[in-house]
Every structure is written in structure tokens, then in C-alpha cells.
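Text of upload-v2.cif (mmCIF, C-alpha atoms) as supplied:
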data_coords
#
loop_
_atom_site.label_atom_id
_atom_site.label_comp_id
_atom_site.auth_asym_id
_atom_site.auth_seq_id
_atom_site.Cartn_x
_atom_site.Cartn_y
_atom_site.Cartn_z
CA MET K 1 0.00 0.00 0.00
CA ASN K 2 1.27 3.49 -0.85
CA ASP K 3 2.25 5.88 1.89
CA THR K 4 0.05 8.88 2.36
CA ILE K 5 1.89 12.01 1.25
CA TYR K 6 1.44 15.64 2.17
CA ALA K 7 2.95 18.96 1.11
CA LEU K 8 2.34 22.65 0.74
CA SER K 9 0.82 22.93 -2.76
CA SER K 10 0.77 26.71 -2.97
CA ALA K 11 3.82 28.96 -3.18
CA PRO K 12 6.03 29.00 -0.06
CA GLY K 13 6.32 32.09 2.06
CA ARG K 14 3.92 34.50 3.72
CA ALA K 15 0.54 34.65 1.96
CA GLY K 16 -3.12 35.35 2.59
CA VAL K 17 -4.12 31.74 1.88
CA ALA K 18 -2.04 28.59 1.57
CA VAL K 19 -3.08 25.11 0.42
CA ILE K 20 -1.82 21.92 2.06
CA ARG K 21 -2.65 18.78 0.09
CA VAL K 22 -2.77 15.23 1.48
CA SER K 23 -3.12 12.16 -0.76
CA GLY K 24 -3.24 8.49 0.06
CA PRO K 25 -4.98 5.77 2.09
CA VAL K 26 -4.99 7.67 5.41
CA ALA K 27 -5.96 11.07 3.99
CA LYS K 28 -9.39 10.67 5.61
CA VAL K 29 -7.72 9.94 8.96
CA CYS K 30 -5.67 13.13 8.62
CA LEU K 31 -8.83 15.11 7.91
CA SER K 32 -10.66 13.68 10.93
CA LEU K 33 -7.66 14.23 13.19
CA LEU K 34 -7.24 17.89 12.28
CA SER K 35 -10.88 18.88 11.89
CA GLY K 36 -12.35 16.67 14.63
CA SER K 37 -15.06 15.24 12.38
CA ASP K 38 -15.68 13.07 9.36
CA PRO K 39 -15.50 14.57 5.87
CA ALA K 40 -18.33 16.68 4.52
CA LYS K 41 -19.81 16.04 1.10
CA PRO K 42 -17.21 15.31 -1.60
CA ARG K 43 -15.82 18.42 -3.32
CA GLU K 44 -17.75 20.74 -0.99
CA ALA K 45 -15.74 23.39 0.88
CA VAL K 46 -16.56 23.58 4.60
CA LEU K 47 -15.19 25.83 7.33
CA ARG K 48 -13.52 23.90 10.15
CA LEU K 49 -11.40 24.74 13.18
CA LEU K 50 -8.18 22.75 12.88
CA ARG K 51 -6.71 21.33 16.09
CA ASP K 52 -3.64 19.27 16.93
CA ALA K 53 -3.62 15.89 18.73
CA ARG K 54 -3.99 17.67 22.11
CA CYS K 55 -7.02 19.61 20.81
CA ALA K 56 -5.10 22.88 20.80
CA PRO K 57 -6.46 25.16 18.05
CA ILE K 58 -4.24 25.78 15.03
CA ASP K 59 -6.29 27.78 12.53
CA ARG K 60 -9.75 28.17 11.07
CA ALA K 61 -9.60 26.78 7.53
CA LEU K 62 -11.58 25.68 4.51
CA VAL K 63 -11.46 21.90 4.09
CA LEU K 64 -12.19 19.98 0.87
CA TRP K 65 -12.57 16.22 0.59
CA PHE K 66 -11.97 14.32 -2.69
CA PRO K 67 -12.61 10.57 -2.27
CA ALA K 68 -10.92 8.21 -4.73
CA PRO K 69 -11.01 7.90 -7.65
CA ALA K 70 -12.50 11.35 -8.33
CA SER K 71 -9.42 13.33 -7.34
CA PHE K 72 -6.30 14.75 -8.96
CA THR K 73 -4.16 11.76 -7.95
CA GLY K 74 -6.90 9.13 -8.17
CA GLU K 75 -6.44 8.48 -4.43
CA ASP K 76 -8.28 9.86 -1.41
CA VAL K 77 -7.26 13.52 -1.24
CA VAL K 78 -7.92 16.25 1.30
CA GLU K 79 -6.97 19.91 0.99
CA PHE K 80 -6.62 22.36 3.88
CA HIS K 81 -6.93 26.01 2.82
CA VAL K 82 -5.32 27.77 5.76
CA HIS K 83 -4.02 31.26 6.45
CA GLY K 84 -0.58 31.52 4.87
CA GLY K 85 1.51 32.42 7.91
CA ARG K 86 4.67 30.41 8.48
CA ALA K 87 3.67 29.40 12.01
CA VAL K 88 0.29 28.08 10.83
CA LEU K 89 1.85 26.05 8.03
CA ALA K 90 4.58 24.67 10.25
CA ARG K 91 2.08 23.49 12.87
CA VAL K 92 -0.25 21.79 10.39
CA LEU K 93 2.70 19.99 8.75
CA GLU K 94 3.99 18.93 12.18
CA VAL K 95 0.62 17.34 13.01
CA LEU K 96 0.54 15.49 9.67
CA ALA K 97 4.08 14.21 10.26
CA GLU K 98 2.87 12.49 13.45
CA VAL K 99 0.29 10.39 11.56
CA SER K 100 1.35 6.81 10.92
CA SER K 101 2.15 5.98 7.25
CA CYS K 102 2.15 9.71 6.42
CA ARG K 103 5.25 11.40 5.01
CA PRO K 104 6.25 14.56 3.11
CA ALA K 105 5.77 14.30 -0.67
CA GLU K 106 8.76 14.09 -2.99
CA PRO K 107 9.05 16.69 -5.78
CA GLY K 108 6.33 16.02 -8.36
CA GLU K 109 4.94 13.05 -6.46
CA PHE K 110 1.28 14.16 -6.56
CA THR K 111 1.44 14.43 -10.36
CA ARG K 112 3.36 11.16 -10.61
CA ARG K 113 0.61 9.38 -8.70
CA ALA K 114 -1.94 10.94 -11.05
CA VAL K 115 -0.05 9.36 -13.96
CA GLU K 116 0.31 6.00 -12.22
CA ASN K 117 -3.42 5.94 -11.45
CA GLY K 118 -4.44 6.84 -15.00
CA LYS K 119 -5.69 10.35 -14.25
CA LEU K 120 -3.09 11.94 -16.53
CA ASP K 121 -0.66 10.70 -19.16
CA LEU K 122 2.95 11.83 -19.40
CA THR K 123 2.26 14.69 -21.82
CA GLN K 124 -0.41 16.07 -19.50
CA ALA K 125 1.91 15.71 -16.52
CA GLU K 126 4.54 17.71 -18.40
CA ALA K 127 1.87 20.32 -19.13
CA VAL K 128 1.29 20.76 -15.39
CA ILE K 129 4.81 22.08 -14.85
CA ASP K 130 4.58 24.11 -18.06
CA LEU K 131 1.44 25.80 -16.72
CA ILE K 132 3.20 26.53 -13.44
CA ASP K 133 6.24 27.95 -15.25
CA ALA K 134 4.26 29.87 -17.91
CA GLU K 135 5.39 33.51 -18.03
CA THR K 136 3.69 34.62 -21.24
CA GLU K 137 0.26 34.29 -22.80
CA ALA K 138 1.53 32.00 -25.57
CA GLN K 139 3.13 29.67 -23.03
CA ARG K 140 -0.06 29.57 -20.98
CA ILE K 141 -2.25 28.78 -24.00
CA GLN K 142 0.09 26.07 -25.26
CA ALA K 143 0.42 24.42 -21.85
CA LEU K 144 -3.32 24.52 -21.26
CA ARG K 145 -4.02 22.85 -24.62
CA GLN K 146 -1.53 20.12 -23.81
CA PHE K 147 -3.00 19.66 -20.34
CA GLY K 148 -6.41 19.36 -21.98
CA GLY K 149 -5.17 16.37 -23.97
CA SER K 150 -4.55 17.79 -27.45
CA LEU K 151 -1.19 16.02 -27.81
CA SER K 152 -2.44 12.91 -26.03
CA ALA K 153 -5.31 12.51 -28.47
CA LEU K 154 -3.03 12.81 -31.50
CA TYR K 155 -0.43 10.34 -30.23
CA GLU K 156 -3.05 7.93 -28.90
CA ASP K 157 -4.72 7.87 -32.32
CA TRP K 158 -1.42 6.91 -33.95
CA ARG K 159 -0.69 4.33 -31.26
CA LEU K 160 -4.07 2.62 -31.55
CA ARG K 161 -3.79 2.48 -35.35
CA LEU K 162 -0.34 0.93 -34.98
CA VAL K 163 -1.63 -1.56 -32.40
CA LYS K 164 -4.32 -2.65 -34.84
CA ALA K 165 -1.82 -2.98 -37.70
CA LEU K 166 0.50 -4.97 -35.44
CA ALA K 167 -2.34 -7.25 -34.43
CA TRP K 168 -3.04 -8.01 -38.09
CA ALA K 169 0.65 -8.59 -38.73
CA GLU K 170 0.90 -11.00 -35.79
CA ALA K 171 -2.23 -12.78 -37.00
CA GLU K 172 -0.73 -13.30 -40.46
CA ILE K 173 2.28 -14.96 -38.82
CA ASP K 174 0.58 -17.03 -36.14
CA PHE K 175 -2.69 -17.84 -37.87
CA SER K 176 -1.71 -18.09 -41.52
CA ASP K 177 -4.22 -20.91 -42.03
CA GLU K 178 -7.14 -18.74 -41.03
CA ASP K 179 -9.37 -17.13 -43.67
CA LEU K 180 -7.85 -13.61 -43.57
CA PRO K 181 -8.68 -10.89 -46.13
CA ALA K 182 -6.59 -11.18 -49.30
CA ASP K 183 -5.64 -7.52 -49.41
CA LEU K 184 -4.83 -7.33 -45.67
CA SER K 185 -1.12 -6.66 -46.15
CA ALA K 186 -1.66 -3.94 -48.76
CA ARG K 187 -4.24 -2.14 -46.61
CA THR K 188 -1.99 -2.30 -43.58
CA ARG K 189 0.96 -0.84 -45.47
CA ARG K 190 -1.19 1.98 -46.86
CA ASP K 191 -2.28 2.91 -43.36
CA LEU K 192 1.29 2.76 -42.10
CA LEU K 193 2.44 5.03 -44.91
CA GLY K 194 -0.26 7.51 -43.92
CA ILE K 195 0.83 7.43 -40.27
CA SER K 196 4.46 7.92 -41.29
CA GLN K 197 3.54 10.96 -43.37
CA GLU K 198 1.46 12.40 -40.53
CA ILE K 199 4.35 12.00 -38.10
CA GLN K 200 6.76 13.64 -40.54
CA LYS K 201 4.44 16.60 -40.95
CA HIS K 202 4.10 16.87 -37.17
CA ILE K 203 7.85 16.96 -36.52
CA SER K 204 8.55 19.31 -39.44
CA ASP K 205 7.29 22.25 -37.40
CA SER K 206 10.46 24.38 -37.14
CA ARG K 207 10.42 23.65 -33.38
CA ARG K 208 7.51 26.05 -32.85
CA GLY K 209 6.19 24.41 -29.70
CA GLU K 210 9.63 24.08 -28.12
CA ILE K 211 10.41 27.71 -28.94
CA VAL K 212 7.17 28.94 -27.32
CA ARG K 213 7.99 26.89 -24.22
CA ASP K 214 11.69 27.78 -23.97
CA GLY K 215 11.63 31.22 -25.59
CA VAL K 216 12.63 32.77 -28.92
CA PHE K 217 16.36 33.52 -29.06
CA LEU K 218 17.04 36.94 -30.56
CA THR K 219 20.66 38.06 -30.93
CA VAL K 220 21.62 41.70 -31.40
CA ILE K 221 24.73 42.06 -33.55
CA GLY K 222 26.57 44.96 -35.12
CA PRO K 223 29.82 46.93 -35.09
CA PRO K 224 31.23 48.49 -31.90
CA ASN K 225 29.49 51.63 -30.62
CA ALA K 226 26.37 51.07 -32.73
CA GLY K 227 24.26 51.09 -29.54
CA LYS K 228 23.69 47.38 -28.92
CA SER K 229 24.08 47.59 -25.14
CA SER K 230 21.88 50.70 -25.00
CA LEU K 231 19.22 48.80 -26.95
CA ILE K 232 19.41 45.86 -24.51
CA ASN K 233 18.99 48.24 -21.58
CA ALA K 234 16.03 49.93 -23.28
CA LEU K 235 14.35 46.60 -23.94
CA ALA K 236 14.95 45.40 -20.37
CA ARG K 237 14.00 48.83 -18.92
CA ARG K 238 17.01 48.59 -16.61
CA ASP K 239 20.80 48.69 -16.84
CA VAL K 240 21.87 45.13 -17.59
CA ALA K 241 24.76 45.98 -19.92
CA ILE K 242 27.61 48.46 -19.54
CA VAL K 243 27.37 51.40 -21.93
CA ALA K 244 30.56 53.33 -22.73
CA GLU K 245 32.03 55.26 -25.65
CA THR K 246 35.07 52.98 -25.62
CA ALA K 247 34.83 50.45 -28.45
CA GLY K 248 34.90 46.82 -27.39
CA THR K 249 33.29 47.33 -23.96
CA THR K 250 31.03 44.29 -24.40
CA ARG K 251 33.13 41.16 -24.73
CA ASP K 252 30.79 38.39 -23.61
CA ILE K 253 27.14 37.57 -24.24
CA ILE K 254 24.60 39.23 -21.96
CA GLU K 255 21.02 37.90 -21.95
CA VAL K 256 17.73 39.43 -20.89
CA ARG K 257 14.36 37.66 -20.94
CA LEU K 258 11.34 39.62 -22.19
CA ASP K 259 7.61 39.13 -22.63
CA LEU K 260 7.02 40.53 -26.11
CA ASN K 261 3.47 40.41 -27.47
CA GLY K 262 2.76 37.38 -25.30
CA TYR K 263 5.88 35.45 -26.34
CA ALA K 264 8.99 34.75 -24.28
CA VAL K 265 11.98 36.32 -26.04
CA ILE K 266 15.58 35.92 -24.86
CA VAL K 267 17.55 38.88 -26.23
CA ALA K 268 21.35 38.64 -26.28
CA ASP K 269 23.81 41.53 -26.37
CA THR K 270 27.07 40.59 -28.07
CA ALA K 271 30.54 41.93 -28.69
CA GLY K 272 30.95 44.46 -31.48
CA LEU K 273 31.89 42.81 -34.76
CA ARG K 274 35.27 43.97 -36.03
CA GLU K 275 38.75 42.68 -36.73
CA THR K 276 40.91 42.97 -33.62
CA ALA K 277 44.26 41.81 -32.31
CA ASP K 278 42.97 41.67 -28.73
CA ILE K 279 42.66 37.98 -27.79
CA VAL K 280 39.77 38.49 -25.38
CA GLU K 281 37.80 40.74 -27.72
CA SER K 282 38.48 38.36 -30.60
CA GLU K 283 36.92 35.54 -28.57
CA GLY K 284 33.92 37.77 -27.89
CA VAL K 285 33.49 38.35 -31.63
CA ARG K 286 33.69 34.62 -32.27
CA ARG K 287 31.02 33.95 -29.63
CA ALA K 288 28.82 36.69 -31.06
CA LEU K 289 28.90 35.15 -34.52
CA ALA K 290 28.29 31.66 -33.14
CA ARG K 291 25.33 32.87 -31.10
CA ALA K 292 23.86 34.67 -34.11
CA GLU K 293 24.20 31.49 -36.15
CA ASP K 294 22.30 29.46 -33.54
CA SER K 295 19.60 32.05 -32.84
CA ASP K 296 16.02 31.99 -34.05
CA LEU K 297 16.25 35.66 -35.05
CA THR K 298 19.04 38.22 -35.46
CA LEU K 299 18.84 42.00 -35.27
CA LEU K 300 21.62 43.90 -37.02
CA LEU K 301 22.08 47.32 -35.40
CA LEU K 302 24.05 49.86 -37.42
CA ASP K 303 25.26 53.42 -36.86
CA SER K 304 23.55 55.66 -39.41
CA SER K 305 25.94 58.55 -38.73
CA VAL K 306 29.21 56.99 -39.94
CA PRO K 307 30.44 56.99 -43.56
CA ASP K 308 30.77 53.20 -43.82
CA PRO K 309 28.45 51.48 -41.33
CA PHE K 310 29.33 48.00 -42.68
CA ALA K 311 33.08 48.40 -42.17
CA GLY K 312 34.63 45.37 -40.46
CA LEU K 313 31.48 43.25 -40.63
CA PRO K 314 31.69 39.68 -41.93
CA SER K 315 30.61 39.24 -45.53
CA GLY K 316 26.91 38.49 -46.03
CA ILE K 317 25.86 39.18 -42.44
CA ALA K 318 23.43 41.94 -43.46
CA GLU K 319 21.64 39.59 -45.85
CA ARG K 320 21.30 36.92 -43.13
CA ALA K 321 19.88 39.30 -40.51
CA SER K 322 16.20 39.04 -39.65
CA LEU K 323 15.99 42.81 -39.06
CA THR K 324 18.29 45.72 -39.89
CA VAL K 325 17.93 48.78 -37.69
CA TRP K 326 19.64 52.15 -38.16
CA ASN K 327 20.46 53.84 -34.85
CA LYS K 328 21.49 57.42 -33.96
CA THR K 329 19.02 59.03 -36.33
CA ASP K 330 18.94 62.09 -34.03
CA LEU K 331 22.46 63.12 -35.13
CA PRO K 332 22.82 65.77 -37.84
CA SER K 333 25.34 63.69 -39.77
CA ILE K 334 23.01 60.81 -40.55
CA ARG K 335 22.83 59.36 -44.03
CA PRO K 336 19.61 58.04 -45.59
CA HIS K 337 19.20 54.27 -45.41
CA ASP K 338 16.39 51.86 -46.08
CA GLY K 339 15.04 50.10 -43.01
CA LEU K 340 13.96 50.86 -39.49
CA ARG K 341 15.12 54.19 -38.05
CA LEU K 342 15.90 54.46 -34.36
CA SER K 343 17.26 56.94 -31.86
CA LEU K 344 17.97 55.32 -28.52
CA LYS K 345 18.86 58.75 -27.18
CA THR K 346 15.45 60.31 -27.87
CA GLY K 347 13.35 57.13 -28.07
CA GLU K 348 12.18 57.91 -31.60
CA GLY K 349 11.39 54.72 -33.50
CA PHE K 350 11.55 52.46 -30.41
CA ASP K 351 7.87 51.51 -30.52
CA GLN K 352 8.15 50.73 -34.23
CA LEU K 353 11.14 48.53 -33.46
CA LEU K 354 9.16 46.61 -30.83
CA ASP K 355 6.33 46.11 -33.33
CA ALA K 356 8.75 44.88 -35.99
CA VAL K 357 10.41 42.42 -33.60
CA GLY K 358 6.98 41.22 -32.43
CA THR K 359 5.94 40.64 -36.04
CA LYS K 360 9.09 38.62 -36.73
CA VAL K 361 8.52 36.51 -33.62
CA ALA K 362 4.90 35.87 -34.62
CA GLU K 363 5.99 34.89 -38.14
CA ARG K 364 8.57 32.51 -36.67
CA LEU K 365 5.80 30.84 -34.67
CA GLU K 366 3.01 31.10 -37.24
CA ARG K 367 0.15 28.60 -37.29
CA LEU K 368 0.75 27.83 -33.61
CA GLY K 369 -2.95 27.41 -32.93
CA GLU K 370 -3.80 25.20 -35.89
CA ALA K 371 -2.79 21.84 -34.43
CA PRO K 372 -1.07 20.30 -31.41
CA VAL K 373 2.65 21.05 -31.45
CA LEU K 374 5.71 19.32 -30.09
CA THR K 375 6.87 20.90 -26.84
CA ARG K 376 9.85 18.78 -25.81
CA ALA K 377 12.93 17.20 -27.34
CA ARG K 378 11.83 13.91 -25.72
CA HIS K 379 8.71 13.86 -27.88
CA ARG K 380 10.67 14.69 -31.02
CA HIS K 381 13.23 11.93 -30.44
CA ALA K 382 10.54 9.31 -29.82
CA LEU K 383 8.62 10.33 -32.95
CA GLU K 384 11.75 10.26 -35.07
CA GLN K 385 12.50 6.75 -33.82
CA ALA K 386 8.90 5.67 -34.47
CA ARG K 387 8.98 7.02 -38.00
CA ALA K 388 12.32 5.30 -38.69
CA ALA K 389 10.81 2.03 -37.52
CA LEU K 390 7.80 2.56 -39.81
CA GLU K 391 10.08 3.25 -42.78
CA ARG K 392 11.90 -0.03 -42.09
CA ALA K 393 8.60 -1.88 -41.81
CA LEU K 394 7.39 -0.54 -45.15
CA VAL K 395 10.36 -2.08 -46.97
CA ALA K 396 10.59 -5.27 -44.88
CA THR K 397 10.34 -8.44 -46.94
CA GLN K 398 9.87 -10.88 -44.06
CA PRO K 399 6.63 -10.89 -42.01
CA GLU K 400 8.60 -11.29 -38.80
CA LEU K 401 10.75 -8.21 -39.52
CA PHE K 402 7.65 -6.27 -40.54
CA ALA K 403 5.95 -7.10 -37.24
CA GLU K 404 9.04 -6.34 -35.17
CA ASP K 405 9.46 -2.88 -36.70
CA LEU K 406 5.76 -2.19 -36.11
CA ARG K 407 6.20 -3.25 -32.50
CA MET K 408 9.13 -0.84 -32.10
CA ALA K 409 7.15 2.03 -33.66
CA THR K 410 4.23 1.34 -31.31
CA ARG K 411 6.49 1.33 -28.27
CA TRP K 412 8.18 4.59 -29.25
CA ILE K 413 4.81 6.31 -29.60
CA GLY K 414 3.66 4.80 -26.32
CA ARG K 415 6.73 6.13 -24.52
CA ILE K 416 5.60 9.70 -25.14
CA THR K 417 2.35 9.32 -23.24
CA GLY K 418 3.39 6.40 -21.03
CA ARG K 419 0.97 4.00 -22.73
CA VAL K 420 2.94 0.85 -23.49
CA ASP K 421 0.70 -2.19 -23.17
CA VAL K 422 1.65 -5.34 -25.06
CA GLU K 423 -1.47 -7.11 -23.75
CA GLU K 424 -3.58 -4.84 -25.96
CA LEU K 425 -2.46 -6.88 -28.94
CA LEU K 426 -4.30 -9.93 -27.65
CA ASP K 427 -7.43 -7.84 -27.08
CA VAL K 428 -7.37 -6.56 -30.65
CA VAL K 429 -6.66 -9.98 -32.13
CA PHE K 430 -9.54 -11.67 -30.35
CA ARG K 431 -11.95 -8.80 -30.88
CA ASP K 432 -11.24 -8.39 -34.61
CA PHE K 433 -10.64 -11.96 -35.65
CA CYS K 434 -12.64 -14.04 -33.18
CA ILE K 435 -9.84 -16.63 -33.38
CA GLY K 436 -10.63 -19.85 -31.54
CA LYS K 437 -14.37 -19.36 -31.68
#
Please express the file's structure as C-alpha cells.
Amino acid sequence: MNDTIYALSSAPGRAGVAVIRVSGPVAKVCLSLLSGSDPAKPREAVLRLLRDARCAPIDRALVLWFPAPASFTGEDVVEFHVHGGRAVLARVLEVLAEVSSCRPAEPGEFTRRAVENGKLDLTQAEAVIDLIDAETEAQRIQALRQFGGSLSALYEDWRLRLVKALAWAEAEIDFSDEDLPADLSARTRRDLLGISQEIQKHISDSRRGEIVRDGVFLTVIGPPNAGKSSLINALARRDVAIVAETAGTTRDIIEVRLDLNGYAVIVADTAGLRETADIVESEGVRRALARAEDSDLTLLLLDSSVPDPFAGLPSGIAERASLTVWNKTDLPSIRPHDGLRLSLKTGEGFDQLLDAVGTKVAERLERLGEAPVLTRARHRHALEQARAALERALVATQPELFAEDLRMATRWIGRITGRVDVEELLDVVFRDFCIGK
């Protein structure tokens, strides 16, 4: 029998209200011990005076009772909504610690029990932490869709179709004397080809879901003294980078995380791009170019007041930039250039720059709402392995190899959601073929 676990489920620290959750076989005992009475109606909040084992009052709290299996974990669950003072929390947790078979929960253990008891699959469990960590509107929407089962439904559809195909393949091997449809193999391969194409389309998404979850990487590049560090400070609305007239002040990458139009954007300030004999600055330039190469978007910031704003820049870098912005347009010596105009000194053009960056981010993540998207490298790896197994199955010449590759594809899909059940094959075989009747 599982231990009963308990933990503070709301944020730690002083608060108006805090939630302590208890889950497991003796959750009802914990409720009766603290509240002095049996549970009220399921999922009905009641006001109770909580007391310790010596009947000393602790706090007046709202108590909710969730009998199994209609709870988050699938076990008996009780929640105590107490005042969020440290002394109150400490005393309630001390009382729970004295209950036999009751222990503090491990990190993520409530959600793990929900998975083990079939209340959530692995993708939904991952969505729980994504919802908790969501900092932007796009992250919240994506996590909520995943928690609602959008990914689960897609992967479960593929898995069930593969299970059925595998059942037919096993039947052809084990029951070759039975009267099976003549075109069974051709139909199965057509369906597998369709699944393979669907998986390929799903993973060919330019990492949109992962980028929403982790953030869009935007690197600001340009020659020294173009205003890159000033731009970073303006975007962050605080001084995160040193600004000086001395060229080469920035030598390493400085990052700031922003919420831009509902998307998480990680903006990086980099060393000024120029040829230099300084070993440290030269390493900074190398890192700047490497970061720009790996980024989702790059912003090339140039000084519109100098005669040759591209002097010292690597060949072709302007063509590869996502955005080109001309700074210092407040100076009298500026030259006309096509592109965005900006004065970080006066603020002119800053709002237009934000709009332009927001548009580029949205374009990078276009069609986000059209279908469920991959959100983790774990999903992508499993799908790539499943598709590789399907490709092998489609060219297999031996029935045994065909079935084995199908089995591998099914298992890889099942690993994403945690649904790997070999016994299902027997269910499908007997339901579809009525073998032995």
C-alpha cells in the first residue's frame, strides 16, 4: 500500500491563503484528526477549526474532501486552505508528520501518482509544470491545450492504429491458415504510410512548440558603438549591460528575458563585430557570430551617422539578418538608409522597433494554434525513432521483420504518453478476428 503524502501545494512564504494537500490511504484519517469530524460532502468546501492531537487550536480553515477515484491523484485527497503564515503552516505539517504511514511528498509526487493511477498521461503531466512555469500568454495557451489532452489525443490515435496494424501482422504470422482478407497486407501498409507521413508533418514544425515553451532567441549584432548595449537596456528597462564610448566594452554575451506580445523572447547583447588583435575581444566576436548562427532571429544594429556602417562586418551578415535597424538618427550627420530608423537617445522609432520584432517573432511561430505542437525534445526523439521504424517496416520483406518494426514504432509512440501495453495486442486480435471461436 502506498504511503500517504502531504505537502504545501501553494507557493512557499507569507501569503493570505495557503493550500496543504494530502493524498493516500490515510488522507481521511488526517482530515478527521485535524478537523475533529468526518468529511463533509465530496468536493464541498466547509469551514472547520483545525486542532492538533492535544485539541489545541491551530487555525480556522476551509477543508475539501476528494474521495478516490474522483481526485487529482486518483487516491483519497484532502486539501486544507489555511491562512498563509509560516507558524500556521509549520504546525499543520507537524501534526501530519505524526500520523502513521504519512510522510512529506517528494518533488512532483502528486502528479506522478496521477499518472500512475491513470488520471493523466505523461504529456499532461509535463503540461502541469509548463502551466506553473508559464510567463507569457503564448506559453499559458500552449500548456493549457496540452493539459487538456490535445497532444495525447493525437499520439493515442497513432498508437491505436499501430496496435491494430501490429495485431493483423501478428495474426498473419501465427494464424496463416485462417481465412484472412486477401488484401490485408496492402491495406496495412497503406495505413502505415499515412501514419508515417502524418508523423513527418508533425515533426517538421520548425520547433515552434519548443520555442514557445523555452523562448525565442534573438541576438543583437553589429559593429562596436552602434548602440547594442543601449538597446538591450532599453528593452529590459534597466541597466543590464555596460554602456561606454570605448569600443569593445562588451566582450561576452549578456542575456535578458522579455515578454514581447505574449511570447517569451531571450535577447542577447554581443561583442561588437570587427577585426581585432585583442585575444579576449576576438573571442567575444567569435562567440557573437556563433550565437547569431544558432539564434532563431538576429537583429543587425548599425550606426547611421558613420560613412561606412558595414566596415569590419563579416561578408553576407546583413543579408542573413532578420531585421536591420539604423540607430542614432537624431544626429545631424546621418545618411539616408532603407530600413527601421531608431534613436535610442530620444526614443524615436523604439515603438516601431518593438512592433517589428513582435511581427518577426509571430511569423517565426506562425500557425501555432492550428494543431497540437511538439513541446519537448523527448517527444521529437521518440517520434523520429517511431517514423524510422515505420520506414523499415514498409520495406521489410519478411513478415517477422515487418511485425518487429511495427512493435518498435508502437512502443516509441507509447513512450511519449506512457501507454505501453503489449497485452492490448491480444485484445485486438480476439476482438477483430474471433480466433478460436
Chain and number of each residue from the PyMOL selection byres ((chain K and resi 65) around 12), as a ChimeraX atom specification = /K:21-23,27-32,35,38-46,62-64,66-72,75-81
Given the file shown, determine the residues that the PyMOL selection byres ((chain K and resi 292-299) around 7) selects; report them as a ChimeraX atom specification.
-> /K:216-221,288-291,300-301,321-324
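For the set K:Asn225, K:Ser37, K:Gln139, K:Thr188, the residue with the smallest atom-to-atom gap to Ala264 (chain K) is K:Gln139, counting all atoms listed in the file.
Comparing K:Leu365, K:Leu193, K:Ala318, K:Ala171 by their smallest distance to Val265 (chain K), the closest is K:Leu365 (using only C-alpha atoms).
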Exactly which residues make up the result of the PyMOL selection byres ((chain K and resi 329-337) around 9) on this file, given as a ChimeraX atom specification?
-> /K:303-307,326-328,338-346,348
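Using all atoms listed in the file, the protein and nucleic acid residues lying no more than 8 Å from Arg376 (chain K), apart from those fewer than 2 places from it along its own chain, are Gly209, Glu210, Leu374, Arg378, His379 and Arg380 of chain K.
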Name the residues in contact with Ile253 (chain K) at a cut-off of 7 Å, using all atoms listed in the file, excluding same-chain residues fewer than 6 positions from it; report them as a PyMOL selection string.
-> chain K and resi 268-270
Can you tell me, as an MDAnalysis selection string, what residues are no more than 12 Å from Val17 (chain K) when counting all atoms listed in the file, ignoring any on the same chain fewer than 2 positions away?
-> chainID K and resid 8:15 19:20 59:62 80:86 88:89
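Note that the spacing between CA of Trp412 (chain K) and CA of Leu383 (chain K) amounts to 6.8 Å.
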Nearest residue to Val26 (chain K) from the set K:Leu49, K:Ala396, K:Asp133, K:Cys102 (distances using only C-alpha atoms) = K:Cys102
